[in-house]
Amino acid sequence: MGNSTATPDLDVALEKHRTELTGYCYRMLGSSFEAEDAVQDTLVRAWRSYGTFEGRSSLRSWLYRIATNVCLDMLTAGNKRARPMDLTDSTPLAQAALSPRPDSTWLEPMPDARVLPAVTDPAEAAVAKESIRLAFMAALQQLPPKQRAVLILREVLAWKASEVADLLGTTVASVNSALQRARATLAERGDAGAEGAVSDPLDEEQQKLLERYVKAFEGYDMTALTALLHEDAIMTMPPFDLWLRGTADITGFMTTIGASCAGSRLLPVQANGLPGFAHYKPDPEKGGFSPWAVQVLEISDGRITGFHCFLDTQRWFPLFGLPLHLEAESDEVEQGG
């Protein structure tokens, strides 16, 4: 790294862009861990080649150019991350089988704090939040990588077509055409704004819904839970490809295959611009509670429409700064991170 022009000040200048670059790479890649790797790679490349950066563009747009190239390289394998319902039909409870697929299959959850930079403009903050929600992220993954980059830069980050053309080394006409195709694909899917009913911050009705949800889930009260779920609610559990639709199958699953979750504890987390919970279930061996899932909830019209449980706790709980064990006696647990 023997670059005489790189200084400690440069480190500080680069570091300032980490959160927004992580958000960009996460939208591009659909993976929390790959996004963090891509940003690290971007910052290292910027540090090494700072001598060739002649200030013809802003440092920020130069970093986005490097990050875009890193992501496009990572996406050449053609892997599209998905949600269980993007891959298979729902399974009736009677045929429910838990078959895992490799990590690289799945769209991964992300703590808000790692991808949402502090912005003062509420409209800008709302767009940033909506654009990391699970349905929108899943829709993005269906786009070819270049279209994905164009859509994120133009619609989410509000770059001008000329700036995007410059970044991608292409023409304004080609950027506009890519944007039109990307918008058409999202419109066909129709679910990209599916969780648009989550207000920011949560309104009083949504707060109450979540309080009732915690009470029903911790009490494992299926009648109370049924009252909170939309009749067509969806439950997913990556890394398993099984997904369930409808209150009867969801509560049926929870009282059979998922019965060991009775007596669980939930701690609030902010994930993907949506309300979420760290779910700990009773640990019969050690006592207390051990991590089971990061739950991300989708809400619409006063009901829970999506109930997404990310089960790989050894990966998710450290990412969210969550403890890997809860003691039984302390009711008020300080949440890390």
# chains A, B, ... in the order shown; residues from 1 in each chain; ligands from 1
>>> residues_around(residues="A:Ser61", least_positions_apart="6", cutoff="12 Å", atoms="only C-alpha atoms", output="ChimeraX atom specification")
/A:14,17,20-21,46,53,55,67-68,153,157,159-160,163-168
>>> write_last_selection(atoms="N, CA and C atoms", output="PDB file, in the first residue's frame")
ATOM      1  N   LEU A  14     -12.789   8.393   3.943  1.00  0.00           N
ATOM      2  CA  LEU A  14     -13.373   7.176   3.360  1.00  0.00           C
ATOM      3  C   LEU A  14     -14.394   6.566   4.320  1.00  0.00           C
ATOM      4  N   HIS A  17     -18.133   7.350   4.506  1.00  0.00           N
ATOM      5  CA  HIS A  17     -19.067   6.844   3.495  1.00  0.00           C
ATOM      6  C   HIS A  17     -19.435   5.377   3.731  1.00  0.00           C
ATOM      7  N   GLU A  20     -23.426   4.392   4.012  1.00  0.00           N
ATOM      8  CA  GLU A  20     -24.214   4.492   2.777  1.00  0.00           C
ATOM      9  C   GLU A  20     -23.717   3.515   1.713  1.00  0.00           C
ATOM     10  N   LEU A  21     -22.405   3.275   1.666  1.00  0.00           N
ATOM     11  CA  LEU A  21     -21.878   2.297   0.709  1.00  0.00           C
ATOM     12  C   LEU A  21     -22.344   0.883   1.062  1.00  0.00           C
ATOM     13  N   ALA A  46      -9.803   2.025  -2.906  1.00  0.00           N
ATOM     14  CA  ALA A  46      -9.741   3.492  -2.949  1.00  0.00           C
ATOM     15  C   ALA A  46      -8.451   3.979  -2.299  1.00  0.00           C
ATOM     16  N   PHE A  53      -6.712   9.159  -8.315  1.00  0.00           N
ATOM     17  CA  PHE A  53      -7.977   9.906  -8.227  1.00  0.00           C
ATOM     18  C   PHE A  53      -7.633  11.388  -8.342  1.00  0.00           C
ATOM     19  N   GLY A  55      -9.613  13.935  -8.557  1.00  0.00           N
ATOM     20  CA  GLY A  55     -10.615  14.886  -8.111  1.00  0.00           C
ATOM     21  C   GLY A  55     -11.520  15.377  -9.228  1.00  0.00           C
ATOM     22  N   ALA A  67     -17.337   0.789  -5.842  1.00  0.00           N
ATOM     23  CA  ALA A  67     -18.268  -0.165  -5.206  1.00  0.00           C
ATOM     24  C   ALA A  67     -19.125  -0.863  -6.262  1.00  0.00           C
ATOM     25  N   THR A  68     -19.555  -0.113  -7.280  1.00  0.00           N
ATOM     26  CA  THR A  68     -20.379  -0.713  -8.341  1.00  0.00           C
ATOM     27  C   THR A  68     -19.582  -1.791  -9.065  1.00  0.00           C
ATOM     28  N   LEU A 153     -29.273   3.695  -8.076  1.00  0.00           N
ATOM     29  CA  LEU A 153     -28.639   5.016  -8.162  1.00  0.00           C
ATOM     30  C   LEU A 153     -29.656   6.105  -8.520  1.00  0.00           C
ATOM     31  N   LEU A 157     -31.050   6.666  -4.642  1.00  0.00           N
ATOM     32  CA  LEU A 157     -30.038   7.662  -4.271  1.00  0.00           C
ATOM     33  C   LEU A 157     -30.210   8.989  -5.019  1.00  0.00           C
ATOM     34  N   TRP A 159     -29.565  10.031  -8.043  1.00  0.00           N
ATOM     35  CA  TRP A 159     -28.517  10.541  -8.924  1.00  0.00           C
ATOM     36  C   TRP A 159     -29.147  10.952 -10.257  1.00  0.00           C
ATOM     37  N   LYS A 160     -28.524  11.913 -10.935  1.00  0.00           N
ATOM     38  CA  LYS A 160     -28.978  12.314 -12.272  1.00  0.00           C
ATOM     39  C   LYS A 160     -28.567  11.234 -13.277  1.00  0.00           C
ATOM     40  N   GLU A 163     -25.023  11.497 -14.293  1.00  0.00           N
ATOM     41  CA  GLU A 163     -24.053  11.019 -13.285  1.00  0.00           C
ATOM     42  C   GLU A 163     -23.942   9.491 -13.328  1.00  0.00           C
ATOM     43  N   VAL A 164     -25.096   8.833 -13.504  1.00  0.00           N
ATOM     44  CA  VAL A 164     -25.087   7.365 -13.555  1.00  0.00           C
ATOM     45  C   VAL A 164     -24.379   6.897 -14.831  1.00  0.00           C
ATOM     46  N   ALA A 165     -24.626   7.599 -15.949  1.00  0.00           N
ATOM     47  CA  ALA A 165     -23.963   7.242 -17.212  1.00  0.00           C
ATOM     48  C   ALA A 165     -22.453   7.369 -17.057  1.00  0.00           C
ATOM     49  N   ASP A 166     -22.021   8.433 -16.391  1.00  0.00           N
ATOM     50  CA  ASP A 166     -20.604   8.664 -16.158  1.00  0.00           C
ATOM     51  C   ASP A 166     -20.021   7.536 -15.299  1.00  0.00           C
ATOM     52  N   LEU A 167     -20.744   7.194 -14.245  1.00  0.00           N
ATOM     53  CA  LEU A 167     -20.266   6.152 -13.327  1.00  0.00           C
ATOM     54  C   LEU A 167     -20.143   4.805 -14.041  1.00  0.00           C
ATOM     55  N   LEU A 168     -21.129   4.474 -14.897  1.00  0.00           N
ATOM     56  CA  LEU A 168     -21.130   3.168 -15.560  1.00  0.00           C
ATOM     57  C   LEU A 168     -20.370   3.183 -16.889  1.00  0.00           C
TER      58      LEU A 168
END
>>> closest_atom_pairs(of="stretch 218-323 of chain A", to="stretch 112-127 of chain A", cutoff="7 Å", atoms="only C-alpha atoms", output="CSV")
residue,atom,partner,partner_atom,distance
A:Gln270,CA,A:Asp112,CA,5.7
A:Ala271,CA,A:Asp112,CA,5.2
A:Asn272,CA,A:Asp112,CA,5.8
A:Gly273,CA,A:Asp112,CA,6.1
>>> write_last_selection(atoms="N, CA, C and O atoms", output="compact mmCIF listing (two decimals), in the first residue's frame")
# COMPACT_ATOMS: atom_id res chain seq x y z
N GLN A 270 -34.31 -3.47 14.90
CA GLN A 270 -34.70 -2.77 13.67
C GLN A 270 -33.99 -3.45 12.52
O GLN A 270 -32.77 -3.42 12.44
N ALA A 271 -34.77 -4.06 11.64
CA ALA A 271 -34.18 -4.80 10.52
C ALA A 271 -34.91 -4.46 9.24
O ALA A 271 -36.14 -4.44 9.21
N ASN A 272 -34.16 -4.20 8.18
CA ASN A 272 -34.76 -3.98 6.86
C ASN A 272 -35.86 -2.93 6.86
O ASN A 272 -36.86 -3.08 6.15
N GLY A 273 -35.70 -1.89 7.67
CA GLY A 273 -36.68 -0.82 7.68
C GLY A 273 -38.03 -1.27 8.22
O GLY A 273 -39.04 -0.61 8.01
>>> select_by_dssp(residues="stretch 115-189 of chain A", states="helix (DSSP H, G or I)", output="JSON, numbers by chain")
{"A": [115, 122, 123, 124, 125, 126, 127, 128, 129, 130, 134, 135, 136, 137, 138, 139, 140, 141, 145, 146, 147, 148, 149, 150, 151, 152, 153, 154, 155, 156, 161, 162, 163, 164, 165, 166, 167, 168, 172, 173, 174, 175, 176, 177, 178, 179, 180, 181, 182, 183, 184, 185, 186, 187, 188, 189]}
>>> closest_residue(among="A:Asp103, A:Leu274, A:Thr88, A:Leu322", to="A:Asp200", atoms="only C-alpha atoms")
A:Leu274
>>> closest_residue(among="A:Leu324, A:Leu93, A:Ile299, A:Arg189", to="A:Asp283", atoms="only C-alpha atoms")
A:Leu324
>>> atom_distance(atom1="atom CA of A:Pro275", atom2="atom CA of A:Tyr64")
29.0 Å
